[in-house]
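J.: Got protein22.tsv for you, TSV, C-alpha atoms:
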```
chain	number	residue	atom	x	y	z
A	164	MET	CA	-160.79	-173.29	-105.82
A	165	THR	CA	-158.64	-171.41	-108.28
A	166	ALA	CA	-160.25	-169.21	-110.89
A	167	ALA	CA	-162.17	-171.35	-113.36
A	168	ARG	CA	-160.32	-171.55	-116.64
A	169	PHE	CA	-163.26	-172.92	-118.53
A	170	GLU	CA	-166.98	-172.59	-118.03
A	171	ARG	CA	-167.27	-176.26	-118.84
A	172	HIS	CA	-164.72	-178.99	-119.42
A	173	LEU	CA	-165.81	-182.07	-121.32
A	174	PHE	CA	-163.77	-185.26	-121.26
A	175	VAL	CA	-164.51	-188.04	-123.73
A	176	CYS	CA	-163.17	-191.50	-123.00
A	177	THR	CA	-161.12	-192.74	-125.95
A	178	ASN	CA	-159.57	-195.70	-124.20
A	179	ALA	CA	-158.73	-198.71	-126.36
A	180	ARG	CA	-158.69	-202.32	-125.20
A	181	ALA	CA	-157.63	-205.35	-127.17
A	182	ALA	CA	-160.26	-206.85	-129.46
A	183	GLY	CA	-162.19	-209.49	-127.58
A	184	ASN	CA	-161.69	-207.96	-124.15
A	185	PRO	CA	-164.96	-208.66	-122.34
A	186	LYS	CA	-165.13	-205.13	-120.98
A	187	GLY	CA	-165.24	-203.66	-124.48
A	188	CYS	CA	-163.98	-200.11	-124.87
A	189	CYS	CA	-165.07	-196.69	-126.02
A	190	SER	CA	-162.47	-196.60	-128.77
A	191	SER	CA	-164.05	-199.47	-130.68
A	192	LYS	CA	-167.40	-197.65	-130.58
A	193	GLY	CA	-166.19	-194.55	-132.39
A	194	ALA	CA	-164.99	-192.47	-129.44
A	195	ALA	CA	-162.23	-190.67	-131.33
A	196	GLU	CA	-164.65	-189.51	-134.01
A	197	VAL	CA	-167.17	-188.41	-131.39
A	198	ALA	CA	-164.50	-186.47	-129.48
A	199	GLU	CA	-163.29	-184.73	-132.62
A	200	ALA	CA	-166.81	-183.83	-133.67
A	201	LEU	CA	-167.65	-182.44	-130.22
A	202	LYS	CA	-164.55	-180.27	-130.33
A	203	GLU	CA	-165.22	-179.01	-133.84
A	204	ARG	CA	-168.85	-178.23	-133.17
A	205	ALA	CA	-168.09	-176.57	-129.85
A	206	TYR	CA	-165.54	-174.30	-131.45
A	207	ALA	CA	-167.84	-173.62	-134.38
A	208	ALA	CA	-170.43	-172.53	-131.82
A	209	GLY	CA	-168.01	-169.90	-130.51
A	210	LEU	CA	-167.04	-171.76	-127.36
A	211	LYS	CA	-163.30	-171.87	-127.93
A	212	GLY	CA	-161.55	-170.53	-124.85
A	213	ARG	CA	-164.76	-170.84	-122.79
A	214	VAL	CA	-165.32	-174.59	-123.06
A	215	ARG	CA	-162.63	-177.22	-123.42
A	216	VAL	CA	-163.14	-180.61	-125.06
A	217	ASN	CA	-160.51	-183.24	-124.28
A	218	LYS	CA	-159.91	-186.87	-124.91
A	219	ALA	CA	-159.26	-188.85	-121.75
A	220	GLY	CA	-158.13	-192.27	-120.66
A	221	CYS	CA	-160.53	-194.89	-119.32
A	222	LEU	CA	-163.37	-193.30	-117.36
A	223	ASP	CA	-164.31	-196.66	-115.81
A	224	ALA	CA	-167.58	-196.83	-117.70
A	225	CYS	CA	-166.60	-199.32	-120.39
A	226	GLU	CA	-170.02	-200.92	-120.41
A	227	ASP	CA	-171.63	-197.59	-121.21
A	228	GLY	CA	-170.49	-197.26	-124.81
A	229	VAL	CA	-168.85	-193.96	-125.67
A	230	SER	CA	-168.76	-192.20	-122.32
A	231	ALA	CA	-168.07	-188.61	-121.38
A	232	VAL	CA	-168.23	-186.39	-118.32
A	233	VAL	CA	-168.82	-182.64	-118.15
A	234	TYR	CA	-167.28	-180.71	-115.26
A	235	PRO	CA	-167.81	-178.85	-113.02
A	236	ASP	CA	-171.42	-179.95	-113.50
A	237	GLY	CA	-170.58	-183.64	-113.10
A	238	ILE	CA	-172.85	-184.78	-115.93
A	239	TRP	CA	-172.13	-188.29	-117.17
A	240	TYR	CA	-173.26	-189.31	-120.65
A	241	ARG	CA	-173.24	-192.77	-122.15
A	242	GLY	CA	-173.63	-194.33	-125.58
A	243	ILE	CA	-172.78	-191.14	-127.43
A	244	THR	CA	-172.82	-191.27	-131.21
A	245	LEU	CA	-172.13	-188.69	-133.88
A	246	ALA	CA	-175.87	-188.12	-134.07
A	247	ASP	CA	-175.83	-186.76	-130.50
A	248	VAL	CA	-173.04	-184.24	-130.94
A	249	ASP	CA	-175.07	-181.20	-131.99
A	250	GLU	CA	-177.48	-181.64	-129.13
A	251	ILE	CA	-174.73	-182.00	-126.52
A	252	VAL	CA	-173.05	-178.85	-127.79
A	253	ALA	CA	-176.22	-176.77	-128.01
A	254	ARG	CA	-177.90	-177.91	-124.85
A	255	THR	CA	-175.14	-178.88	-122.45
A	256	LEU	CA	-172.03	-176.98	-123.47
A	257	VAL	CA	-173.82	-173.77	-124.41
A	258	ALA	CA	-176.84	-173.79	-122.13
A	259	GLY	CA	-175.82	-176.05	-119.25
A	260	GLU	CA	-178.84	-178.29	-119.72
A	261	VAL	CA	-178.81	-182.05	-119.30
A	262	VAL	CA	-179.68	-184.26	-122.29
A	263	THR	CA	-181.68	-186.72	-120.27
A	264	ARG	CA	-181.78	-189.53	-122.80
A	265	LEU	CA	-177.97	-189.70	-122.79
A	266	LEU	CA	-177.54	-189.73	-119.03
A	267	ALA	CA	-175.56	-192.64	-117.70
A	268	PRO	CA	-177.49	-194.60	-115.10
A	269	ALA	CA	-176.74	-193.73	-111.51
A	270	ARG	CA	-174.68	-196.34	-109.79
A	271	PRO	CA	-173.20	-196.79	-106.40
A	272	ALA	CA	-169.58	-196.11	-105.68
A	273	ARG	CA	-167.42	-199.06	-106.60
A	274	PRO	CA	-164.57	-199.09	-104.11
A	275	GLY	CA	-161.86	-201.50	-105.05
A	276	ARG	CA	-162.38	-201.35	-108.79
B	710	MET	CA	-176.22	-182.97	-112.03
B	711	THR	CA	-176.23	-186.72	-112.05
B	712	ALA	CA	-174.99	-188.62	-109.04
B	713	ALA	CA	-171.27	-188.04	-108.61
B	714	ARG	CA	-169.33	-191.11	-109.61
B	715	PHE	CA	-166.14	-189.97	-107.98
B	716	GLU	CA	-165.43	-187.68	-105.08
B	717	ARG	CA	-162.63	-186.17	-107.11
B	718	HIS	CA	-161.49	-186.65	-110.68
B	719	LEU	CA	-157.94	-185.70	-111.56
B	720	PHE	CA	-156.85	-185.23	-115.16
B	721	VAL	CA	-153.16	-185.01	-116.02
B	722	CYS	CA	-152.18	-183.55	-119.38
B	723	THR	CA	-149.98	-186.02	-121.23
B	724	ASN	CA	-150.11	-184.28	-124.58
B	725	ALA	CA	-147.06	-184.64	-126.82
B	726	ARG	CA	-145.86	-182.11	-129.37
B	727	ALA	CA	-143.00	-182.47	-131.81
B	728	ALA	CA	-139.55	-181.67	-130.43
B	729	GLY	CA	-138.80	-178.02	-131.02
B	730	ASN	CA	-142.39	-176.86	-130.92
B	731	PRO	CA	-142.24	-173.45	-129.23
B	732	LYS	CA	-145.22	-174.26	-127.03
B	733	GLY	CA	-143.41	-177.20	-125.46
B	734	CYS	CA	-145.57	-179.96	-124.03
B	735	CYS	CA	-146.30	-181.80	-120.83
B	736	SER	CA	-145.19	-185.11	-122.28
B	737	SER	CA	-141.58	-184.00	-122.65
B	738	LYS	CA	-141.55	-182.94	-119.00
B	739	GLY	CA	-142.41	-186.35	-117.62
B	740	ALA	CA	-146.20	-186.19	-117.63
B	741	ALA	CA	-146.75	-189.89	-118.22
B	742	GLU	CA	-144.60	-190.83	-115.24
B	743	VAL	CA	-146.33	-188.24	-113.06
B	744	ALA	CA	-149.76	-189.52	-114.11
B	745	GLU	CA	-148.83	-193.12	-113.39
B	746	ALA	CA	-147.37	-192.22	-110.00
B	747	LEU	CA	-150.46	-190.23	-109.04
B	748	LYS	CA	-152.67	-193.16	-109.93
B	749	GLU	CA	-150.55	-195.69	-108.07
B	750	ARG	CA	-150.26	-193.57	-104.94
B	751	ALA	CA	-153.94	-192.69	-104.96
B	752	TYR	CA	-154.92	-196.32	-105.15
B	753	ALA	CA	-152.33	-197.25	-102.53
B	754	ALA	CA	-154.00	-194.65	-100.29
B	755	GLY	CA	-157.29	-196.52	-100.61
B	756	LEU	CA	-158.91	-194.10	-103.03
B	757	LYS	CA	-159.69	-196.57	-105.80
B	758	GLY	CA	-163.36	-196.23	-106.72
B	759	ARG	CA	-163.63	-192.92	-104.85
B	760	VAL	CA	-161.10	-190.88	-106.80
B	761	ARG	CA	-160.24	-191.33	-110.47
B	762	VAL	CA	-156.91	-190.39	-112.02
B	763	ASN	CA	-156.86	-190.06	-115.80
B	764	LYS	CA	-154.51	-189.00	-118.51
B	765	ALA	CA	-155.96	-186.32	-120.77
B	766	GLY	CA	-155.21	-184.54	-124.00
B	767	CYS	CA	-153.89	-180.98	-124.13
B	768	LEU	CA	-155.29	-178.88	-121.27
B	769	ASP	CA	-154.21	-175.65	-122.99
B	770	ALA	CA	-151.59	-174.91	-120.37
B	771	CYS	CA	-148.48	-175.97	-122.29
B	772	GLU	CA	-146.39	-173.22	-120.75
B	773	ASP	CA	-147.14	-174.47	-117.25
B	774	GLY	CA	-145.05	-177.63	-117.33
B	775	VAL	CA	-146.85	-180.79	-116.29
B	776	SER	CA	-150.40	-179.56	-115.77
B	777	ALA	CA	-153.39	-181.14	-114.10
B	778	VAL	CA	-156.89	-180.20	-113.01
B	779	VAL	CA	-158.97	-181.64	-110.19
B	780	TYR	CA	-162.75	-181.62	-110.55
B	781	PRO	CA	-165.30	-180.83	-109.30
B	782	ASP	CA	-163.09	-178.50	-107.23
B	783	GLY	CA	-161.53	-176.86	-110.30
B	784	ILE	CA	-158.02	-176.81	-108.89
B	785	TRP	CA	-155.32	-176.26	-111.52
B	786	TYR	CA	-151.77	-177.35	-110.78
B	787	ARG	CA	-148.65	-176.61	-112.79
B	788	GLY	CA	-145.07	-177.80	-112.98
B	789	ILE	CA	-145.82	-181.08	-111.27
B	790	THR	CA	-142.91	-183.46	-110.72
B	791	LEU	CA	-142.63	-186.88	-109.15
B	792	ALA	CA	-141.55	-185.15	-105.94
B	793	ASP	CA	-145.01	-183.54	-105.67
B	794	VAL	CA	-147.07	-186.70	-106.05
B	795	ASP	CA	-147.33	-187.75	-102.41
B	796	GLU	CA	-148.40	-184.28	-101.35
B	797	ILE	CA	-151.07	-184.00	-104.04
B	798	VAL	CA	-152.50	-187.37	-103.05
B	799	ALA	CA	-152.46	-186.74	-99.29
B	800	ARG	CA	-153.59	-183.16	-99.29
B	801	THR	CA	-155.76	-182.70	-102.36
B	802	LEU	CA	-157.15	-186.10	-103.28
B	803	VAL	CA	-157.68	-187.30	-99.73
B	804	ALA	CA	-158.36	-184.08	-97.84
B	805	GLY	CA	-159.54	-181.66	-100.52
B	806	GLU	CA	-156.88	-179.10	-99.64
B	807	VAL	CA	-155.05	-176.95	-102.16
B	808	VAL	CA	-151.26	-177.28	-102.47
B	809	THR	CA	-150.67	-173.59	-102.90
B	810	ARG	CA	-147.15	-173.76	-104.25
B	811	LEU	CA	-148.36	-175.85	-107.18
B	812	LEU	CA	-151.29	-173.64	-108.12
B	813	ALA	CA	-151.29	-172.45	-111.70
B	814	PRO	CA	-151.44	-168.69	-111.94
B	815	ALA	CA	-154.86	-167.23	-112.50
B	816	ARG	CA	-155.39	-166.00	-116.00
B	817	PRO	CA	-158.18	-164.43	-117.91
B	818	ALA	CA	-160.33	-166.40	-120.28
B	819	ARG	CA	-158.70	-166.70	-123.67
B	820	PRO	CA	-161.49	-166.71	-126.19
B	821	GLY	CA	-160.32	-167.67	-129.62
B	822	ARG	CA	-157.46	-169.85	-128.50
```
So that I can check it, write out the structure of this file as structure tokens.
T.:
Amino acid sequence: MTAARFERHLFVCTNARAAGNPKGCCSSKGAAEVAEALKERAYAAGLKGRVRVNKAGCLDACEDGVSAVVYPDGIWYRGITLADVDEIVARTLVAGEVVTRLLAPARPARPGR
Amino acid sequence: MTAARFERHLFVCTNARAAGNPKGCCSSKGAAEVAEALKERAYAAGLKGRVRVNKAGCLDACEDGVSAVVYPDGIWYRGITLADVDEIVARTLVAGEVVTRLLAPARPARPGR
């Protein structure tokens, strides 16, 4: 491993699919606004340079609403709304705690997807 | 930590800045093509469902050419070109090895950036 550049690195899926696609997508559920709010609140909490918040392409969790993953912890959140942003920043990005009610359900590996 | 969804998760910066921006950007150095090639080769190597390859927003390494990070390992690569793709897939994504010549230089935390 190289030296860690960030204590935590949060990626928010902002993938967009065409309207009517049966998979749905995070974009249509407000992902861009959630990602922006997470970034703003994280930086307002003094985490700039320590924690990075990025938008990402499809995280393969389309059914999970607005999805995000926090590394290196490997915490997967689902169904994130603007109302969850403060708690994610305070508990997960600052303190490294898991917000249990937002945890994506465990699932087996899906080879071939 | 929740159950790991992927053995490795690679994020390639594909951020674009306006031409002439002194920071430069990964997009102008072929990041989209590199990201697509990494995804194709990874899936061709049978890693679909085990390893995820995503495009990401700015990884704050604009000066490092096409940049990418592999989690949970925390390996940062810089200056990636299409010629590096096969090696990254075979050595890092499949075997978990570091391609030393592509390692981004260590740097201190940059609070405030």
J.: Figure out the distance between atom CA of B:Asn763 and atom CA of A:Glu203, please, to one decimal in Å.
T.: 22.7 Å
J.: Between B:Thr723, B:Asn730, B:Ser737, B:Thr790, which is the closest to chain A once you count all atoms listed in the file?
T.: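 Going through B:Thr723, B:Asn730, B:Ser737, B:Thr790 one by one, the smallest distance to chain A is for B:Thr723.
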J.: I'd like the neighbourhood of stretch 712-718 of chain B as a ChimeraX atom specification, where a residue qualifies if any of its atoms comes within 7 Å (using all atoms listed in the file), though same-chain residues fewer than 6 positions away should be ignored.
T.: /A:237,269,272 /B:758-762,779-781,802
J.: Point out the residue among A:Ala182, A:Ala253, A:Leu265, A:Ala258 with the least atom-to-atom distance to A:Tyr206, counting all atoms listed in the file.
T.: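 Answer, going by the shortest atom-to-atom distance: A:Ala253.
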J.: To one decimal place, how far is atom CA of A:Ala207 from atom CA of B:Cys771 in Å?
T.: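 Interatomic distance here is 22.9 Å.
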J.: Name the closest residue to chain B among the candidates A:Ala231, A:Ala205, A:Ile238, A:Val262; distances are taken between atoms, counting only C-alpha atoms.
T.: A:Ile238
J.: At a cut-off of 12 Å, using all atoms listed in the file, what residues contact B:Lys732? Leave out same-chain residues fewer than 5 positions from it and give the result as a PyMOL selection string.
T.: chain B and resi 724-727+737+767+769-774
J.: What would the file look like if the residues just selected were written as a tab-separated table (two decimals), in the coordinates of the input with C-alpha atoms?
T.:
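Output file out.tsv is given in full below:
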```tsv
chain	number	residue	atom	x	y	z
B	724	ASN	CA	-150.11	-184.28	-124.58
B	725	ALA	CA	-147.06	-184.64	-126.82
B	726	ARG	CA	-145.86	-182.11	-129.37
B	727	ALA	CA	-143.00	-182.47	-131.81
B	737	SER	CA	-141.58	-184.00	-122.65
B	767	CYS	CA	-153.89	-180.98	-124.13
B	769	ASP	CA	-154.21	-175.65	-122.99
B	770	ALA	CA	-151.59	-174.91	-120.37
B	771	CYS	CA	-148.48	-175.97	-122.29
B	772	GLU	CA	-146.39	-173.22	-120.75
B	773	ASP	CA	-147.14	-174.47	-117.25
B	774	GLY	CA	-145.05	-177.63	-117.33
```
J.: Can you work out which one of B:Leu791, B:Val721, B:Cys735, B:Ile797 has the shortest atom-to-atom distance to chain A, counting all atoms listed in the file?
T.: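 Among the listed residues, B:Val721 lies closest to chain A.
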J.: Around all the atoms of stretch 214-231 of chain A listed in the file, with 6 Å of room on each side, what axis-aligned box do you get, giving centre and edge lengths in Å to one decimal, as JSON?
T.:
```
{"center_x": -164.9, "center_y": -187.8, "center_z": -120.7, "size_x": 25.5, "size_y": 38.3, "size_z": 21.9}
```
J.: As an exercise, work out the distance from atom CA of B:Gly733 to atom CA of A:Gly193 in Å and give it to one decimal place.
T.: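 According to the coordinates, atom CA of B:Gly733 and atom CA of A:Gly193 are separated by 29.5 Å.
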J.: Counting all atoms listed in the file, find the residues whose atoms lie at most 10 Å from (-153.0, -173.9, -104.3) (file coordinates) and write them out as a PyMOL selection string.
T.: (chain A and resi 164-165) or (chain B and resi 784-787+801+806-814)
J.: Which one of A:Lys192, A:Gly183, A:Ala200, A:Ala208 sits closest to A:Val229 if you count only C-alpha atoms?
T.: A:Lys192
J.: Go through B:Leu719, B:Pro731, B:Leu768, B:Asp782 one by one, measure the shortest atom-to-atom distance of each to B:Val798 using only C-alpha atoms, and give the residue with the smallest value.
T.: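 For B:Val798, the nearest of the given residues is B:Leu719.
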J.: Could you rebuild stretch 259-270 of chain A with all heavy atoms and give it back as a PDB file, keeping the file's coordinate frame?
T.:
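rebuild.pdb was written with the following content:
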```
ATOM      1  N   GLY A 259    -175.920-175.420-120.568  1.00  0.00           N
ATOM      2  CA  GLY A 259    -175.820-176.050-119.250  1.00  0.00           C
ATOM      3  C   GLY A 259    -176.970-176.989-118.925  1.00  0.00           C
ATOM      4  O   GLY A 259    -177.155-177.388-117.779  1.00  0.00           O
ATOM      5  N   GLU A 260    -177.726-177.370-119.945  1.00  0.00           N
ATOM      6  CA  GLU A 260    -178.840-178.290-119.720  1.00  0.00           C
ATOM      7  C   GLU A 260    -178.372-179.742-119.846  1.00  0.00           C
ATOM      8  O   GLU A 260    -177.372-180.036-120.514  1.00  0.00           O
ATOM      9  CB  GLU A 260    -179.927-178.049-120.775  1.00  0.00           C
ATOM     10  CG  GLU A 260    -180.493-176.637-120.772  1.00  0.00           C
ATOM     11  CD  GLU A 260    -181.388-176.369-121.960  1.00  0.00           C
ATOM     12  OE1 GLU A 260    -181.571-177.283-122.801  1.00  0.00           O
ATOM     13  OE2 GLU A 260    -181.877-175.228-122.072  1.00  0.00           O
ATOM     14  N   VAL A 261    -179.118-180.621-119.231  1.00  0.00           N
ATOM     15  CA  VAL A 261    -178.810-182.050-119.300  1.00  0.00           C
ATOM     16  C   VAL A 261    -179.621-182.680-120.428  1.00  0.00           C
ATOM     17  O   VAL A 261    -180.824-182.438-120.544  1.00  0.00           O
ATOM     18  CB  VAL A 261    -179.152-182.738-117.967  1.00  0.00           C
ATOM     19  CG1 VAL A 261    -179.015-184.251-118.076  1.00  0.00           C
ATOM     20  CG2 VAL A 261    -178.253-182.208-116.854  1.00  0.00           C
ATOM     21  N   VAL A 262    -178.969-183.469-121.266  1.00  0.00           N
ATOM     22  CA  VAL A 262    -179.680-184.260-122.290  1.00  0.00           C
ATOM     23  C   VAL A 262    -180.047-185.584-121.627  1.00  0.00           C
ATOM     24  O   VAL A 262    -179.242-186.517-121.554  1.00  0.00           O
ATOM     25  CB  VAL A 262    -178.804-184.478-123.530  1.00  0.00           C
ATOM     26  CG1 VAL A 262    -179.578-185.273-124.586  1.00  0.00           C
ATOM     27  CG2 VAL A 262    -178.322-183.151-124.100  1.00  0.00           C
ATOM     28  N   THR A 263    -181.279-185.632-121.163  1.00  0.00           N
ATOM     29  CA  THR A 263    -181.680-186.720-120.270  1.00  0.00           C
ATOM     30  C   THR A 263    -181.515-188.103-120.905  1.00  0.00           C
ATOM     31  O   THR A 263    -181.073-189.045-120.250  1.00  0.00           O
ATOM     32  CB  THR A 263    -183.144-186.524-119.830  1.00  0.00           C
ATOM     33  OG1 THR A 263    -183.268-185.195-119.309  1.00  0.00           O
ATOM     34  CG2 THR A 263    -183.531-187.523-118.758  1.00  0.00           C
ATOM     35  N   ARG A 264    -181.822-188.206-122.190  1.00  0.00           N
ATOM     36  CA  ARG A 264    -181.780-189.530-122.800  1.00  0.00           C
ATOM     37  C   ARG A 264    -180.363-190.094-122.909  1.00  0.00           C
ATOM     38  O   ARG A 264    -180.175-191.288-123.129  1.00  0.00           O
ATOM     39  CB  ARG A 264    -182.433-189.496-124.195  1.00  0.00           C
ATOM     40  CG  ARG A 264    -181.658-188.689-125.189  1.00  0.00           C
ATOM     41  CD  ARG A 264    -182.341-188.634-126.553  1.00  0.00           C
ATOM     42  NE  ARG A 264    -181.670-187.659-127.396  1.00  0.00           N
ATOM     43  CZ  ARG A 264    -180.517-187.862-127.995  1.00  0.00           C
ATOM     44  NH1 ARG A 264    -179.912-189.024-127.875  1.00  0.00           N
ATOM     45  NH2 ARG A 264    -179.953-186.913-128.710  1.00  0.00           N
ATOM     46  N   LEU A 265    -179.359-189.235-122.729  1.00  0.00           N
ATOM     47  CA  LEU A 265    -177.970-189.700-122.790  1.00  0.00           C
ATOM     48  C   LEU A 265    -177.359-189.924-121.413  1.00  0.00           C
ATOM     49  O   LEU A 265    -176.210-190.361-121.309  1.00  0.00           O
ATOM     50  CB  LEU A 265    -177.106-188.690-123.561  1.00  0.00           C
ATOM     51  CG  LEU A 265    -177.452-188.491-125.029  1.00  0.00           C
ATOM     52  CD1 LEU A 265    -176.588-187.376-125.617  1.00  0.00           C
ATOM     53  CD2 LEU A 265    -177.253-189.784-125.820  1.00  0.00           C
ATOM     54  N   LEU A 266    -178.101-189.608-120.380  1.00  0.00           N
ATOM     55  CA  LEU A 266    -177.540-189.730-119.030  1.00  0.00           C
ATOM     56  C   LEU A 266    -177.150-191.174-118.721  1.00  0.00           C
ATOM     57  O   LEU A 266    -177.920-192.108-118.961  1.00  0.00           O
ATOM     58  CB  LEU A 266    -178.560-189.288-117.978  1.00  0.00           C
ATOM     59  CG  LEU A 266    -178.626-187.806-117.647  1.00  0.00           C
ATOM     60  CD1 LEU A 266    -179.655-187.599-116.537  1.00  0.00           C
ATOM     61  CD2 LEU A 266    -177.260-187.271-117.221  1.00  0.00           C
ATOM     62  N   ALA A 267    -175.965-191.326-118.179  1.00  0.00           N
ATOM     63  CA  ALA A 267    -175.560-192.640-117.700  1.00  0.00           C
ATOM     64  C   ALA A 267    -176.367-192.972-116.457  1.00  0.00           C
ATOM     65  O   ALA A 267    -176.690-192.087-115.674  1.00  0.00           O
ATOM     66  CB  ALA A 267    -174.072-192.634-117.388  1.00  0.00           C
ATOM     67  N   PRO A 268    -176.706-194.232-116.278  1.00  0.00           N
ATOM     68  CA  PRO A 268    -177.490-194.600-115.100  1.00  0.00           C
ATOM     69  C   PRO A 268    -176.707-194.345-113.827  1.00  0.00           C
ATOM     70  O   PRO A 268    -175.490-194.530-113.798  1.00  0.00           O
ATOM     71  CB  PRO A 268    -177.754-196.101-115.311  1.00  0.00           C
ATOM     72  CG  PRO A 268    -176.695-196.552-116.255  1.00  0.00           C
ATOM     73  CD  PRO A 268    -176.363-195.380-117.119  1.00  0.00           C
ATOM     74  N   ALA A 269    -177.404-193.902-112.804  1.00  0.00           N
ATOM     75  CA  ALA A 269    -176.740-193.730-111.510  1.00  0.00           C
ATOM     76  C   ALA A 269    -176.251-195.090-111.051  1.00  0.00           C
ATOM     77  O   ALA A 269    -176.840-196.123-111.354  1.00  0.00           O
ATOM     78  CB  ALA A 269    -177.729-193.140-110.510  1.00  0.00           C
ATOM     79  N   ARG A 270    -175.182-195.076-110.327  1.00  0.00           N
ATOM     80  CA  ARG A 270    -174.680-196.340-109.790  1.00  0.00           C
ATOM     81  C   ARG A 270    -173.938-196.051-108.507  1.00  0.00           C
ATOM     82  O   ARG A 270    -173.426-194.956-108.311  1.00  0.00           O
ATOM     83  CB  ARG A 270    -173.770-197.032-110.807  1.00  0.00           C
ATOM     84  CG  ARG A 270    -172.475-196.312-111.007  1.00  0.00           C
ATOM     85  CD  ARG A 270    -171.598-197.064-111.998  1.00  0.00           C
ATOM     86  NE  ARG A 270    -170.294-196.441-112.066  1.00  0.00           N
ATOM     87  CZ  ARG A 270    -169.457-196.556-113.076  1.00  0.00           C
ATOM     88  NH1 ARG A 270    -169.786-197.283-114.110  1.00  0.00           N
ATOM     89  NH2 ARG A 270    -168.286-195.966-113.052  1.00  0.00           N
TER      90      ARG A 270
END
```
